[in-house]
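Chemist: This is the structure I want to talk about, given as structure tokens.
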Amino acid sequence: MTDAPGPLEPLGRPILDRPAFERLTAAHRRELKLHCYRMMGSLHEADDLVQDTFLRAWRGRSQFDGRGSVRGWLYTIATNSCLNAIKARSTAHRILQQPERSPSSGRATGGPAAELTWLEPYPDAELPDLVDGEPGPETRYETREAVQLAFVAAIQLLPPRQRAALLLCDVLGWSGVETAQLLGGSTASINSALQRARATLGARYPQGRPLQRSQPNRQEAQLLERYMQAWQAASLDGLIELLREDATYHMPPWRDWYRGREAIRGFFETVWGNFAGYHAVATGANGQPAVAVYARRHQDPVWRAQSLHVIEAADDRIALLTVYVGPLGQDLFKAFALPPVWP
């Protein structure tokens, strides 16, 4: 386990007071929150679980023996808290697309589906510095790759224990021995869980892994700018032009999803005139370009929070567009430090 800042006071020595405890553990807050988010698929649950992790660590600080790292100790608490929370809820995973639902065409008719648990995006402002805390030698996924919305959606399909093993080994770079110590069981059982998890992800992606993202570049910035301009100019043609021919469009919490440029156009033609105008604000989610869209209804001069858009680009076009709409999308504006009404 890497990047430990130093041990807590081990058994038999004075126990840290709260200020000292907070100084020692605060450096790990952001990476623990991201870990909880990957496990749960929920920004709000991650907030609660990272608070629970620090509370449990504070209460159990006298039991830390000082032989391991503070970072590893906190990850142990956080992972077990997530596994317990998953057991207690009605579903083990969150989704971007309802399983086995075929792509739609034309007007959306399948939602919104409040009874489904939808994967939430993660604000870039909450991400740990992606150049710090490099993963361990066993890692299989690049740091930028492992924060993508599509990657988090894919690992949500894994059973909780497989999900935890894959995150600890393939994302954080822990060894099988370390992971077995955390999750319990033998190293062989961890390796078996990893093999099954990797097979599930491999079946989901033609290349066996999500699309690898490079550092943000000029072309991506231009694509984001053109996307915002299309919304603000209410140019449906301009928006569709930015999509790949095989682009996919999701809009949680609606069940409907669309595949292909013409199918996406067909949907937008049914809703494009519902508002008198749009105002787009650039942001970032899951290490990807994102846009918050405010809309003004006819006969209403106020620009109100309307939807949050997460963009996955490939070959200078949009390959996957996820737009959070309705109350779900509007609730995310606060998490992204955006006002509900544009000034």
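How things are named: the first chain in the structure tokens is A, the next is B, and so on; residues count from 1 in each chain; ligands count from 1 in the order shown.
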What's around Thr283 (chain A) at 12 Å? Count only C-alpha atoms, leave out sequence neighbours fewer than 3 positions away in its own chain, and write the answer as a PyMOL selection string.

Modeler: chain A and resi 121-125+221+224-225+228+280+286-293+308-311+333+335-338

Chemist: Taking the backbone alone, and naming residues the way the document does, which bits of region 38-264 of chain A are alpha helix (DSSP H) by DSSP, as an NGL selection string?

Modeler: :A and (38-40 or 43-59 or 70-88 or 149-155 or 160-166 or 176-183 or 187-204 or 218-232 or 236-241 or 261-264)

Chemist: Taking the DSSP secondary structure from the backbone, can you list the residues of region 62-306 of chain A that are strand (DSSP E), as a PyMOL selection string?

Modeler: chain A and resi 243-250+257-259+277-285+288-296+304-306

Chemist: Using only C-alpha atoms, which residues of region 155-248 of chain A come within 12 Å of region 98-111 of chain A, and what is the closest atom pair for each, with the distance in Å to one decimal? Give it as JSON lines, sorted by chain and residue number.

Modeler:
```
{"residue": "A:Leu157", "atom": "CA", "partner": "A:Pro99", "partner_atom": "CA", "distance": 10.0}
{"residue": "A:Ala247", "atom": "CA", "partner": "A:Pro103", "partner_atom": "CA", "distance": 11.9}
{"residue": "A:Thr248", "atom": "CA", "partner": "A:Pro103", "partner_atom": "CA", "distance": 9.2}
```
